[in-house]
$ cat start21.cif   # mmCIF, C-alpha atoms
data_coords
#
loop_
_atom_site.label_atom_id
_atom_site.label_comp_id
_atom_site.auth_asym_id
_atom_site.auth_seq_id
_atom_site.Cartn_x
_atom_site.Cartn_y
_atom_site.Cartn_z
CA MET A 11 -54.14 -64.07 -19.50
CA SER A 12 -51.30 -61.91 -20.78
CA ASP A 13 -49.20 -63.31 -23.60
CA ARG A 14 -46.08 -61.37 -22.51
CA ILE A 15 -45.09 -63.04 -19.27
CA CYS A 16 -41.53 -63.46 -18.00
CA LEU A 17 -40.65 -65.96 -15.30
CA VAL A 18 -37.30 -65.39 -13.58
CA THR A 19 -35.80 -68.18 -11.51
CA GLY A 20 -33.46 -66.88 -8.84
CA GLY A 21 -35.18 -63.59 -9.49
CA ALA A 22 -34.52 -62.07 -6.05
CA GLY A 23 -30.76 -62.49 -6.32
CA PHE A 24 -28.08 -60.03 -7.36
CA ILE A 25 -28.61 -60.20 -11.12
CA GLY A 26 -32.34 -60.82 -10.79
CA CYS A 27 -32.87 -57.60 -8.85
CA ALA A 28 -30.62 -55.67 -11.23
CA THR A 29 -32.66 -56.93 -14.19
CA SER A 30 -36.09 -56.56 -12.60
CA GLY A 31 -36.80 -52.97 -13.63
CA LEU A 32 -36.01 -53.62 -17.27
CA LEU A 33 -38.15 -56.76 -17.30
CA ALA A 34 -41.06 -54.96 -15.66
CA GLN A 35 -40.96 -52.36 -18.43
CA ARG A 36 -40.73 -54.91 -21.21
CA PHE A 37 -43.27 -57.52 -20.09
CA ASP A 38 -46.89 -57.33 -19.02
CA ARG A 39 -46.19 -59.56 -16.04
CA VAL A 40 -42.97 -60.61 -14.36
CA VAL A 41 -42.79 -63.36 -11.73
CA ALA A 42 -39.63 -64.07 -9.73
CA LEU A 43 -39.17 -67.49 -8.16
CA ASP A 44 -36.54 -67.57 -5.42
CA ASN A 45 -35.94 -69.59 -2.26
CA LEU A 46 -34.38 -66.59 -0.45
CA HIS A 47 -31.50 -68.72 0.77
CA PRO A 48 -30.04 -67.27 4.00
CA GLN A 49 -26.52 -67.35 2.58
CA VAL A 50 -27.64 -64.61 0.18
CA HIS A 51 -30.67 -63.16 1.99
CA ALA A 52 -29.77 -62.81 5.66
CA ARG A 53 -33.26 -61.68 6.70
CA ARG A 54 -35.11 -63.84 4.16
CA ARG A 55 -37.45 -61.12 3.00
CA ARG A 56 -38.20 -59.42 -0.29
CA PRO A 57 -35.17 -57.36 -1.36
CA GLN A 58 -35.73 -53.63 -1.67
CA ALA A 59 -33.85 -53.70 -4.98
CA LEU A 60 -36.46 -56.00 -6.56
CA ASP A 61 -38.76 -53.84 -8.66
CA ARG A 62 -42.14 -53.44 -6.94
CA ARG A 63 -43.93 -54.45 -10.15
CA VAL A 64 -42.38 -57.93 -9.98
CA GLU A 65 -44.35 -60.67 -8.22
CA LEU A 66 -42.21 -62.74 -5.85
CA VAL A 67 -42.91 -66.41 -5.24
CA VAL A 68 -40.78 -67.98 -2.50
CA GLY A 69 -39.94 -71.55 -3.38
CA ASP A 70 -37.23 -74.01 -4.40
CA VAL A 71 -36.66 -74.67 -8.11
CA ALA A 72 -35.89 -78.31 -7.30
CA ASP A 73 -39.32 -78.87 -5.71
CA PRO A 74 -41.91 -80.23 -8.20
CA GLU A 75 -44.78 -79.05 -5.99
CA VAL A 76 -43.50 -75.48 -6.15
CA TRP A 77 -43.56 -75.67 -9.93
CA ASP A 78 -47.06 -77.16 -9.92
CA ALA A 79 -48.28 -74.17 -7.89
CA VAL A 80 -46.43 -71.62 -10.03
CA LEU A 81 -47.54 -73.00 -13.39
CA GLU A 82 -51.16 -73.56 -12.42
CA ASP A 83 -52.09 -70.05 -13.58
CA LEU A 84 -48.87 -68.89 -15.23
CA ALA A 85 -47.93 -69.48 -18.85
CA PRO A 86 -44.55 -67.77 -19.33
CA SER A 87 -43.62 -66.70 -22.83
CA VAL A 88 -40.00 -66.26 -21.69
CA ILE A 89 -37.98 -67.76 -18.86
CA LEU A 90 -34.82 -66.15 -17.54
CA HIS A 91 -33.07 -68.97 -15.68
CA LEU A 92 -30.77 -67.39 -13.08
CA ALA A 93 -31.28 -69.80 -10.19
CA ALA A 94 -28.00 -71.46 -9.22
CA GLU A 95 -25.75 -72.29 -6.34
CA THR A 96 -22.44 -70.55 -6.92
CA GLY A 97 -18.99 -70.69 -5.37
CA THR A 98 -16.11 -72.67 -6.81
CA GLY A 99 -14.53 -73.60 -3.50
CA GLN A 100 -17.84 -74.16 -1.76
CA SER A 101 -18.96 -76.59 -4.43
CA LEU A 102 -16.05 -78.92 -3.63
CA VAL A 103 -17.41 -79.52 -0.14
CA GLU A 104 -21.14 -79.08 -0.88
CA ALA A 105 -21.40 -80.96 -4.14
CA THR A 106 -24.88 -82.32 -3.42
CA ARG A 107 -26.30 -78.85 -2.82
CA HIS A 108 -24.87 -77.52 -6.07
CA ALA A 109 -26.04 -80.51 -8.08
CA GLN A 110 -29.49 -80.38 -6.52
CA VAL A 111 -30.13 -76.75 -7.42
CA ASN A 112 -28.21 -76.41 -10.67
CA VAL A 113 -28.87 -79.77 -12.29
CA THR A 114 -31.94 -81.23 -10.61
CA GLY A 115 -33.54 -77.79 -10.37
CA THR A 116 -33.18 -77.24 -14.11
CA ALA A 117 -34.53 -80.69 -14.95
CA THR A 118 -37.42 -80.24 -12.51
CA MET A 119 -38.35 -76.95 -14.18
CA LEU A 120 -38.32 -78.52 -17.64
CA ASP A 121 -40.40 -81.50 -16.54
CA ALA A 122 -42.95 -79.16 -14.99
CA LEU A 123 -43.21 -77.10 -18.17
CA VAL A 124 -44.05 -80.27 -20.10
CA ARG A 125 -46.38 -81.59 -17.42
CA HIS A 126 -48.42 -78.37 -17.43
CA ARG A 127 -48.06 -77.79 -21.17
CA ARG A 128 -46.46 -74.41 -20.54
CA ILE A 129 -43.75 -74.47 -23.19
CA PRO A 130 -42.19 -70.98 -23.47
CA GLY A 131 -40.92 -69.49 -26.68
CA ARG A 132 -37.51 -68.71 -25.21
CA ILE A 133 -35.30 -69.62 -22.27
CA VAL A 134 -32.22 -67.54 -21.47
CA LEU A 135 -29.75 -69.32 -19.19
CA THR A 136 -26.99 -67.48 -17.37
CA SER A 137 -24.12 -69.94 -17.30
CA SER A 138 -20.57 -69.35 -16.12
CA ARG A 139 -16.98 -69.06 -17.27
CA ALA A 140 -16.37 -71.91 -14.79
CA VAL A 141 -17.44 -74.39 -17.49
CA TYR A 142 -14.07 -73.84 -19.20
CA GLY A 143 -11.89 -74.82 -16.26
CA GLU A 144 -8.31 -73.82 -17.05
CA GLY A 145 -9.24 -73.50 -20.69
CA ALA A 146 -6.77 -73.74 -23.54
CA TRP A 147 -3.06 -72.90 -23.36
CA ARG A 148 -0.36 -72.93 -26.02
CA GLU A 149 3.38 -72.86 -26.50
CA PRO A 150 4.55 -69.29 -27.21
CA GLY A 151 4.58 -68.59 -30.94
CA ARG A 152 2.55 -71.68 -31.83
CA ASP A 153 -1.15 -72.03 -32.61
CA ILE A 154 -1.58 -75.54 -31.22
CA ALA A 155 -3.89 -75.50 -28.20
CA PHE A 156 -3.30 -77.66 -25.13
CA TYR A 157 -5.73 -78.42 -22.33
CA PRO A 158 -3.51 -78.95 -19.29
CA GLY A 159 -6.42 -79.59 -16.93
CA GLN A 160 -6.49 -78.86 -13.24
CA ARG A 161 -3.41 -77.74 -11.36
CA SER A 162 -2.51 -80.41 -8.83
CA ARG A 163 -2.21 -79.74 -5.12
CA ALA A 164 1.47 -80.77 -5.28
CA GLN A 165 2.06 -78.25 -8.05
CA LEU A 166 0.40 -75.48 -6.08
CA GLU A 167 2.28 -76.36 -2.90
CA ARG A 168 5.54 -75.96 -4.86
CA GLY A 169 4.42 -72.50 -5.94
CA GLU A 170 4.25 -73.51 -9.62
CA TRP A 171 1.35 -71.29 -10.51
CA ASP A 172 1.46 -71.55 -14.31
CA PHE A 173 1.87 -74.52 -16.61
CA PRO A 174 5.57 -74.66 -17.58
CA GLY A 175 6.28 -73.62 -21.15
CA LEU A 176 2.68 -72.63 -21.89
CA GLU A 177 0.75 -69.36 -22.10
CA PRO A 178 -3.01 -69.03 -21.60
CA LEU A 179 -5.52 -68.30 -24.33
CA PRO A 180 -8.70 -66.30 -23.69
CA PHE A 181 -11.92 -68.29 -23.45
CA SER A 182 -14.12 -68.35 -26.53
CA ALA A 183 -17.35 -70.32 -26.73
CA ALA A 184 -16.66 -70.81 -30.44
CA ILE A 185 -13.38 -72.69 -29.97
CA THR A 186 -12.58 -73.38 -26.30
CA VAL A 187 -13.64 -76.87 -25.22
CA PRO A 188 -15.42 -76.75 -21.83
CA ARG A 189 -13.48 -78.80 -19.27
CA PRO A 190 -14.64 -77.72 -15.80
CA ILE A 191 -12.37 -78.39 -12.82
CA SER A 192 -14.88 -77.57 -10.08
CA VAL A 193 -18.18 -79.14 -9.10
CA TYR A 194 -19.81 -75.77 -9.70
CA GLY A 195 -18.43 -75.58 -13.23
CA ALA A 196 -19.50 -79.15 -13.94
CA THR A 197 -23.06 -78.45 -12.80
CA LYS A 198 -23.27 -75.31 -14.93
CA LEU A 199 -22.11 -77.24 -17.98
CA ALA A 200 -24.71 -79.91 -17.20
CA GLN A 201 -27.33 -77.15 -17.05
CA GLU A 202 -26.34 -76.02 -20.53
CA ASN A 203 -26.44 -79.51 -22.00
CA ILE A 204 -29.77 -80.41 -20.41
CA LEU A 205 -31.37 -77.20 -21.64
CA ARG A 206 -30.04 -77.53 -25.19
CA ALA A 207 -31.25 -81.11 -25.56
CA TRP A 208 -34.69 -80.30 -24.16
CA ALA A 209 -35.09 -77.05 -26.10
CA CYS A 210 -34.27 -78.72 -29.41
CA ALA A 211 -36.89 -81.41 -28.80
CA PHE A 212 -39.61 -78.87 -27.92
CA ASP A 213 -38.63 -76.18 -30.44
CA VAL A 214 -37.74 -73.64 -27.76
CA ASN A 215 -35.24 -70.89 -28.50
CA ALA A 216 -32.51 -71.42 -25.89
CA ILE A 217 -29.78 -68.82 -25.38
CA VAL A 218 -26.80 -69.43 -23.11
CA LEU A 219 -24.78 -66.55 -21.68
CA ARG A 220 -21.49 -67.55 -20.06
CA LEU A 221 -20.84 -64.81 -17.54
CA GLN A 222 -17.39 -63.81 -16.37
CA ASN A 223 -16.86 -62.39 -12.85
CA VAL A 224 -19.87 -60.14 -12.28
CA TYR A 225 -19.60 -57.29 -9.77
CA GLY A 226 -21.52 -54.17 -8.84
CA ALA A 227 -24.01 -52.58 -6.49
CA GLY A 228 -26.46 -55.05 -5.01
CA GLN A 229 -24.08 -57.91 -4.26
CA SER A 230 -24.67 -59.62 -0.95
CA LEU A 231 -22.31 -58.18 1.67
CA HIS A 232 -22.50 -61.11 4.06
CA ASN A 233 -22.18 -64.01 1.62
CA PRO A 234 -18.53 -65.20 1.69
CA TYR A 235 -18.88 -66.44 -1.90
CA THR A 236 -20.42 -63.28 -3.33
CA GLY A 237 -17.32 -62.10 -5.18
CA ILE A 238 -13.80 -60.89 -4.68
CA CYS A 239 -14.50 -57.24 -5.51
CA SER A 240 -16.86 -56.66 -2.59
CA LEU A 241 -14.66 -58.76 -0.28
CA PHE A 242 -11.60 -56.65 -1.07
CA ALA A 243 -13.62 -53.45 -0.70
CA ARG A 244 -14.82 -54.36 2.78
CA LEU A 245 -11.31 -55.23 3.91
CA ALA A 246 -9.88 -51.98 2.56
CA ARG A 247 -12.75 -49.96 4.02
CA ASP A 248 -11.83 -51.34 7.44
CA GLY A 249 -8.24 -50.27 6.91
CA LYS A 250 -6.99 -53.83 6.54
CA CYS A 251 -4.33 -55.15 4.20
CA ILE A 252 -5.86 -57.06 1.28
CA PRO A 253 -4.35 -60.57 1.00
CA VAL A 254 -3.57 -61.59 -2.57
CA PHE A 255 -3.24 -65.30 -3.34
CA GLU A 256 -0.52 -67.09 -5.29
CA ASP A 257 1.86 -64.55 -6.86
CA GLY A 258 -0.80 -61.95 -7.51
CA ARG A 259 -0.91 -62.78 -11.22
CA ILE A 260 -4.18 -64.71 -11.20
CA VAL A 261 -6.25 -63.28 -14.05
CA ARG A 262 -9.98 -62.59 -14.18
CA ASP A 263 -12.37 -60.70 -16.44
CA PHE A 264 -14.54 -58.43 -14.30
CA VAL A 265 -17.83 -57.40 -15.90
CA HIS A 266 -20.13 -54.84 -14.33
CA VAL A 267 -23.67 -55.93 -13.51
CA ASP A 268 -25.09 -53.11 -15.66
CA ASP A 269 -23.35 -54.63 -18.68
CA VAL A 270 -24.71 -58.06 -17.78
CA VAL A 271 -28.22 -56.63 -17.59
CA ALA A 272 -27.72 -55.11 -21.04
CA ALA A 273 -26.54 -58.48 -22.38
CA ILE A 274 -29.61 -60.21 -20.93
CA ALA A 275 -31.84 -57.56 -22.48
CA ALA A 276 -30.20 -58.15 -25.85
CA ALA A 277 -30.59 -61.93 -25.52
CA LEU A 278 -34.29 -61.54 -24.76
CA LYS A 279 -34.96 -59.66 -27.98
CA MET A 280 -32.51 -61.20 -30.48
CA PRO A 281 -34.22 -63.26 -33.22
CA GLU A 282 -32.49 -66.50 -32.27
CA ALA A 283 -29.14 -67.76 -31.02
CA ALA A 284 -26.52 -68.07 -33.74
CA ALA A 285 -24.05 -69.83 -31.44
CA ASP A 286 -24.17 -72.47 -28.71
CA ALA A 287 -23.16 -69.91 -26.09
CA TYR A 288 -22.00 -66.32 -25.72
CA ASP A 289 -19.18 -65.08 -23.52
CA ILE A 290 -20.25 -62.04 -21.50
CA GLY A 291 -17.35 -60.14 -20.00
CA SER A 292 -15.42 -56.92 -20.32
CA GLY A 293 -13.03 -58.48 -22.81
CA THR A 294 -10.13 -57.29 -20.63
CA ALA A 295 -7.88 -59.50 -18.52
CA THR A 296 -7.12 -58.08 -15.05
CA THR A 297 -4.76 -59.50 -12.45
CA ILE A 298 -6.02 -59.89 -8.90
CA GLU A 299 -3.05 -57.84 -7.73
CA HIS A 300 -4.15 -54.92 -9.91
CA LEU A 301 -7.69 -55.17 -8.59
CA ALA A 302 -6.42 -55.16 -5.00
CA ASP A 303 -4.18 -52.15 -5.68
CA LEU A 304 -7.09 -50.23 -7.19
CA ILE A 305 -9.38 -50.87 -4.21
CA ALA A 306 -6.68 -50.16 -1.63
CA GLU A 307 -5.98 -46.83 -3.31
CA ILE A 308 -9.66 -45.85 -3.17
CA TYR A 309 -9.74 -46.36 0.60
CA ALA A 310 -6.14 -45.29 1.31
CA ALA A 311 -5.69 -48.74 2.86
CA PRO A 312 -2.32 -50.47 3.40
CA PRO A 313 -0.74 -51.87 0.23
CA PRO A 314 -2.04 -55.38 -0.64
CA ARG A 315 0.21 -58.28 0.32
CA VAL A 316 0.93 -61.19 -2.00
CA ASN A 317 0.98 -64.17 0.37
CA GLY A 318 1.54 -67.25 -1.80
CA ALA A 319 -1.60 -68.94 -0.46
CA PHE A 320 -3.87 -70.81 -2.86
CA ARG A 321 -7.32 -72.29 -3.08
CA HIS A 322 -7.71 -75.69 -4.72
CA GLY A 323 -10.14 -75.62 -7.62
CA ASP A 324 -9.33 -72.05 -8.65
CA VAL A 325 -8.23 -71.52 -12.22
CA ARG A 326 -5.14 -69.51 -13.02
CA HIS A 327 -6.31 -67.52 -16.01
CA ALA A 328 -9.96 -66.71 -16.76
CA ALA A 329 -10.65 -64.05 -19.35
CA CYS A 330 -12.64 -64.13 -22.56
CA THR A 331 -13.09 -62.73 -26.02
CA ILE A 332 -16.44 -61.08 -26.64
CA GLU A 333 -16.57 -60.53 -30.40
CA HIS A 334 -19.36 -63.07 -30.97
CA ALA A 335 -21.58 -61.47 -28.32
CA VAL A 336 -20.83 -58.03 -29.73
CA ALA A 337 -21.73 -59.15 -33.26
CA ASP A 338 -24.77 -61.33 -32.59
CA LEU A 339 -26.31 -59.56 -29.60
CA ASP A 340 -25.54 -56.04 -30.80
CA TRP A 341 -24.12 -55.45 -27.34
CA ARG A 342 -20.86 -54.32 -25.85
CA PRO A 343 -19.69 -53.57 -22.29
CA ARG A 344 -19.74 -49.91 -21.30
CA VAL A 345 -18.48 -49.75 -17.70
CA ARG A 346 -14.71 -49.72 -17.32
CA LEU A 347 -13.20 -51.39 -14.26
CA ASN A 348 -11.96 -48.20 -12.60
CA GLU A 349 -15.38 -46.59 -12.85
CA GLY A 350 -17.25 -49.74 -11.88
CA ILE A 351 -15.14 -50.39 -8.78
CA ARG A 352 -15.57 -46.82 -7.58
CA ARG A 353 -19.32 -47.14 -8.02
CA LEU A 354 -19.29 -50.43 -6.11
CA CYS A 355 -17.26 -48.92 -3.25
CA ALA A 356 -19.60 -45.92 -3.05
CA TRP A 357 -22.59 -48.25 -2.81
CA ILE A 358 -20.91 -50.39 -0.13
CA ASP A 359 -20.08 -47.29 1.89
CA ALA A 360 -23.67 -46.09 1.72
CA GLU A 361 -25.06 -49.52 2.66
CA LEU A 362 -22.76 -50.06 5.63
CA ASP A 363 -23.10 -46.49 6.89
CA GLU A 364 -26.88 -46.87 6.81
CA ARG A 365 -26.64 -50.07 8.83
CA VAL A 366 -24.54 -48.30 11.46
CA ASP A 367 -27.08 -45.47 11.62
CA ARG A 368 -29.93 -47.95 12.10
CA VAL A 369 -28.12 -49.73 14.93
CA SER A 370 -27.26 -46.43 16.62
CA ALA A 371 -30.88 -45.30 16.42
CA ALA A 372 -32.26 -48.55 17.81
#
$ encode --input "start21.cif" --output "C-alpha cells"
Amino acid sequence: MSDRICLVTGGAGFIGCATSGLLAQRFDRVVALDNLHPQVHARRRRPQALDRRVELVVGDVADPEVWDAVLEDLAPSVILHLAAETGTGQSLVEATRHAQVNVTGTATMLDALVRHRRIPGRIVLTSSRAVYGEGAWREPGRDIAFYPGQRSRAQLERGEWDFPGLEPLPFSAAITVPRPISVYGATKLAQENILRAWACAFDVNAIVLRLQNVYGAGQSLHNPYTGICSLFARLARDGKCIPVFEDGRIVRDFVHVDDVVAAIAAALKMPEAAADAYDIGSGTATTIEHLADLIAEIYAAPPPRVNGAFRHGDVRHAACTIEHAVADLDWRPRVRLNEGIRRLCAWIDAELDERVDRVSAA
C-alpha cells in the first residue's frame, strides 16, 4: 500500500476539483469523498473538472458506515478536509443541515480514523472568514478594539449600516477574536476547535486556513449560494441591472481559486503550523459596489443599482491581513481582482454558450 495517500473530503466540489490536478501530481493516490449534493451537482455525476487520476467515492462524511468502507483499505497520510455546507443566509434556516455536515461530519471522520487506526500525519482544514463575525472595530485614532457583535434587524431597517463612531479593522487570526454571527460561521469555528483538540491528542499536524470569499472558474452556476461574483456575472450577462444591497459599501476580500489552491499546496508541504490559523485572501478590501461596477462594465450591462435592501446575518466589513500566511506558508496571492473577474466571466460565457449549443443540437 502506498505511503503517500491523500484523502479529500468534499473533493468533487469547487475547490476540490481545482486542487485535484496538483494533488494527483504530488501523491501516489488521491481519493475524493463527496456526496454530490444536488444543490452543487445538478446532475449528480462525476465533475469533468475532477482530475481523472483521482478516485471518487460517493458518500456522506456524517455517515459512519461510509467511513468504515473508505478506511477499510485506505490509510491516508494526509487529509484535506473541504467538506462543508456553506451559505450564511441559508444556515439561518437550515441550521441542522449545516451542523450535521460541518460539525458531526468532522467528528464522525475523526472517530473513524481512530476506530480503524488510520491516523494521518497531517490534516488541512479549509475554514472560513465567517468565524470572525463582524470582527473588531475601533474608534478613529485609537488602538482599543471593540467587538460590536451582530447588527440588529432594527438597526438594519433604519439603514444604519455601520456601527456609529467606529471603524472596522481587518481580520487577523493572530489578534481578532472569532465571534461568528451566523450558524455557518459557528459550525466552522466548531470544526476548527474539534480538529485542534483531537489533533493535539493524537500528535497530528493540523493546519487551518481561513478562506475569504473564493471565486473563479468552476463555481456552480445553479447554486444560489455559490458566490456573489458568479451571481453578478450572470445577471450582467443577461443585460440585467445588478442589485447592490445596503449602501453599496459592504466590504469583502475576494481571493481567486488559483491562489487558494496555491495556499493549500503550501500548507501541505510546510513543516508544521506556526499559528492557530492562517487568513487566506487577497489582502485587499473591495466594496460590493465596486465589484458590481466592474462586472457591469465587462458586459456593458446597465449601471448597478444600490437598493438599500439587506440580508440578516451578513457582516458589514470582511477583509483580512495576510502577512502571517505570506511569512509562514511562503505564499502570496497572484491574481488581481480585475484579471480574476475577467477570467471568471470568460469561463461563464463559455459554459453557458456550450449549454445553449447542446440544447439546440438535441
$ closest_residue --input "start21.cif" --among "A:Val345, A:Val103, A:Ala246, A:Ala196" --to "Val267 of chain A" --atoms "all atoms listed in the file"
A:Val345
$ closest_residue --input "start21.cif" --among "A:Val316, A:Leu362, A:Leu135, A:Val265" --to "Arg346 of chain A" --atoms "all atoms listed in the file"
A:Val265
$ closest_residue --input "start21.cif" --among "A:Phe320, A:Phe212, A:Trp357, A:Tyr142" --to "Leu231 of chain A" --atoms "all atoms listed in the file"
A:Trp357
$ closest_residue --input "start21.cif" --among "A:Ile351, A:Ala284, A:Ala302, A:Val218" --to "Phe242 of chain A" --atoms "all atoms listed in the file"
A:Ala302
$ residues_around --input "start21.cif" --residues "Leu354 of chain A" --least-positions-apart "3" --cutoff "9 Å" --atoms "all atoms listed in the file" --output "NGL selection string"
:A and (225-228 or 239-240 or 243 or 349-351 or 357-359)
$ closest_atom_pairs --input "start21.cif" --of "segment 251-326 of chain A" --to "segment 89-93 of chain A" --cutoff "10 Å" --atoms "all atoms listed in the file" --output "JSON lines"
{"residue": "A:Ile274", "atom": "CA", "partner": "A:Leu90", "partner_atom": "CA", "distance": 8.6}
{"residue": "A:Ala277", "atom": "CA", "partner": "A:Leu90", "partner_atom": "CA", "distance": 10.0}
{"residue": "A:Leu278", "atom": "CA", "partner": "A:Leu90", "partner_atom": "CA", "distance": 8.6}
$ atom_distance --input "start21.cif" --atom1 "atom CA of Leu43 of chain A" --atom2 "atom CA of Val76 of chain A"
9.3 Å
$ resolve_selection --input "start21.cif" --expression "the PyMOL selection byres ((chain A and resi 256-264) around 6)" --output "list in words"
Gln222, Asn223, Val224, Val254, Phe255, Val265, Thr294, Ala295, Thr296, Thr297, Ile298, Glu299, Val316, Gly318, Ala319, Phe320, Arg326, His327, Ala328 and Ala329 of chain A
$ closest_residue --input "start21.cif" --among "A:His266, A:Arg139, A:Lys198, A:Arg39" --to "Gly115 of chain A" --atoms "all atoms listed in the file"
A:Lys198
$ residues_around --input "start21.cif" --residues "Thr116 of chain A" --least-positions-apart "3" --cutoff "8 Å" --atoms "only C-alpha atoms" --output "VMD selection string"
chain A and resid 71 to 72 111 to 113 119 to 120 201 204 to 205
$ atom_distance --input "start21.cif" --atom1 "atom CA of Asn233 of chain A" --atom2 "atom CA of Pro314 of chain A"
22.0 Å
$ closest_residue --input "start21.cif" --among "A:Ile133, A:Val193, A:Leu123, A:Ala311" --to "Arg107 of chain A" --atoms "all atoms listed in the file"
A:Val193
$ atom_distance --input "start21.cif" --atom1 "atom CA of Ala272 of chain A" --atom2 "atom CA of Phe24 of chain A"
14.5 Å
$ resolve_selection --input "start21.cif" --expression "the PyMOL selection byres ((chain A and resi 22) around 12)" --output "ChimeraX atom specification"
/A:17-21,23-30,40-47,50-51,54-62,64-69,91-94,228-230
$ axis_aligned_box --input "start21.cif" --around "segment 217-221 of chain A" --padding-each-side "8 Å" --output "lines of an AutoDock Vina configuration file"
center_x = -25.3
center_y = -67.1
center_z = -21.5
size_x = 24.9
size_y = 20.6
size_z = 23.8
$ residues_around --input "start21.cif" --residues "Leu221 of chain A" --least-positions-apart "3" --cutoff "7 Å" --atoms "only C-alpha atoms" --output "list in words"
Thr136, Ser137, Ser138, Arg139, Asp289, Ile290 and Gly291 of chain A
$ resolve_selection --input "start21.cif" --expression "the PyMOL selection byres ((chain A and resi 309) around 10)" --output "NGL selection string"
:A and (243-250 or 304-308 or 310-312 or 355)
$ residues_around --input "start21.cif" --residues "Leu339 of chain A" --least-positions-apart "6" --cutoff "9 Å" --atoms "all atoms listed in the file" --output "PyMOL selection string"
chain A and resi 273+276-277+279-280+283+288
$ build_atoms --input "start21.cif" --residues "segment 339-353 of chain A" --atoms "N, CA, C and O atoms" --output "PDB file, in the frame of the given file"
ATOM      1  N   LEU A 339     -25.378 -60.174 -30.541  1.00  0.00           N
ATOM      2  CA  LEU A 339     -26.310 -59.560 -29.600  1.00  0.00           C
ATOM      3  C   LEU A 339     -26.448 -58.051 -29.805  1.00  0.00           C
ATOM      4  O   LEU A 339     -27.301 -57.427 -29.173  1.00  0.00           O
ATOM      5  N   ASP A 340     -25.582 -57.493 -30.651  1.00  0.00           N
ATOM      6  CA  ASP A 340     -25.540 -56.040 -30.800  1.00  0.00           C
ATOM      7  C   ASP A 340     -25.356 -55.388 -29.434  1.00  0.00           C
ATOM      8  O   ASP A 340     -26.077 -54.473 -29.043  1.00  0.00           O
ATOM      9  N   TRP A 341     -24.378 -55.851 -28.726  1.00  0.00           N
ATOM     10  CA  TRP A 341     -24.120 -55.450 -27.340  1.00  0.00           C
ATOM     11  C   TRP A 341     -22.627 -55.260 -27.161  1.00  0.00           C
ATOM     12  O   TRP A 341     -21.820 -55.899 -27.841  1.00  0.00           O
ATOM     13  N   ARG A 342     -22.250 -54.390 -26.273  1.00  0.00           N
ATOM     14  CA  ARG A 342     -20.860 -54.320 -25.850  1.00  0.00           C
ATOM     15  C   ARG A 342     -20.803 -53.721 -24.447  1.00  0.00           C
ATOM     16  O   ARG A 342     -21.674 -52.924 -24.068  1.00  0.00           O
ATOM     17  N   PRO A 343     -19.811 -54.106 -23.654  1.00  0.00           N
ATOM     18  CA  PRO A 343     -19.690 -53.570 -22.290  1.00  0.00           C
ATOM     19  C   PRO A 343     -19.370 -52.082 -22.318  1.00  0.00           C
ATOM     20  O   PRO A 343     -18.628 -51.613 -23.180  1.00  0.00           O
ATOM     21  N   ARG A 344     -19.927 -51.350 -21.349  1.00  0.00           N
ATOM     22  CA  ARG A 344     -19.740 -49.910 -21.300  1.00  0.00           C
ATOM     23  C   ARG A 344     -18.984 -49.437 -20.049  1.00  0.00           C
ATOM     24  O   ARG A 344     -18.398 -48.361 -20.060  1.00  0.00           O
ATOM     25  N   VAL A 345     -19.041 -50.198 -18.982  1.00  0.00           N
ATOM     26  CA  VAL A 345     -18.480 -49.750 -17.700  1.00  0.00           C
ATOM     27  C   VAL A 345     -17.054 -50.262 -17.553  1.00  0.00           C
ATOM     28  O   VAL A 345     -16.818 -51.469 -17.445  1.00  0.00           O
ATOM     29  N   ARG A 346     -16.110 -49.348 -17.528  1.00  0.00           N
ATOM     30  CA  ARG A 346     -14.710 -49.720 -17.320  1.00  0.00           C
ATOM     31  C   ARG A 346     -14.473 -50.065 -15.855  1.00  0.00           C
ATOM     32  O   ARG A 346     -15.184 -49.593 -14.957  1.00  0.00           O
ATOM     33  N   LEU A 347     -13.443 -50.876 -15.611  1.00  0.00           N
ATOM     34  CA  LEU A 347     -13.200 -51.390 -14.260  1.00  0.00           C
ATOM     35  C   LEU A 347     -13.005 -50.272 -13.248  1.00  0.00           C
ATOM     36  O   LEU A 347     -13.590 -50.325 -12.156  1.00  0.00           O
ATOM     37  N   ASN A 348     -12.207 -49.279 -13.555  1.00  0.00           N
ATOM     38  CA  ASN A 348     -11.960 -48.200 -12.600  1.00  0.00           C
ATOM     39  C   ASN A 348     -13.265 -47.523 -12.171  1.00  0.00           C
ATOM     40  O   ASN A 348     -13.506 -47.278 -10.982  1.00  0.00           O
ATOM     41  N   GLU A 349     -14.108 -47.226 -13.144  1.00  0.00           N
ATOM     42  CA  GLU A 349     -15.380 -46.590 -12.850  1.00  0.00           C
ATOM     43  C   GLU A 349     -16.294 -47.534 -12.072  1.00  0.00           C
ATOM     44  O   GLU A 349     -16.930 -47.148 -11.082  1.00  0.00           O
ATOM     45  N   GLY A 350     -16.370 -48.783 -12.521  1.00  0.00           N
ATOM     46  CA  GLY A 350     -17.250 -49.740 -11.880  1.00  0.00           C
ATOM     47  C   GLY A 350     -16.878 -50.021 -10.435  1.00  0.00           C
ATOM     48  O   GLY A 350     -17.750 -50.125  -9.557  1.00  0.00           O
ATOM     49  N   ILE A 351     -15.587 -50.135 -10.155  1.00  0.00           N
ATOM     50  CA  ILE A 351     -15.140 -50.390  -8.780  1.00  0.00           C
ATOM     51  C   ILE A 351     -15.445 -49.200  -7.892  1.00  0.00           C
ATOM     52  O   ILE A 351     -15.863 -49.361  -6.730  1.00  0.00           O
ATOM     53  N   ARG A 352     -15.259 -48.007  -8.390  1.00  0.00           N
ATOM     54  CA  ARG A 352     -15.570 -46.820  -7.580  1.00  0.00           C
ATOM     55  C   ARG A 352     -17.067 -46.743  -7.293  1.00  0.00           C
ATOM     56  O   ARG A 352     -17.471 -46.369  -6.185  1.00  0.00           O
ATOM     57  N   ARG A 353     -17.883 -47.114  -8.257  1.00  0.00           N
ATOM     58  CA  ARG A 353     -19.320 -47.140  -8.020  1.00  0.00           C
ATOM     59  C   ARG A 353     -19.694 -48.206  -6.996  1.00  0.00           C
ATOM     60  O   ARG A 353     -20.557 -47.985  -6.128  1.00  0.00           O
TER      61      ARG A 353
END
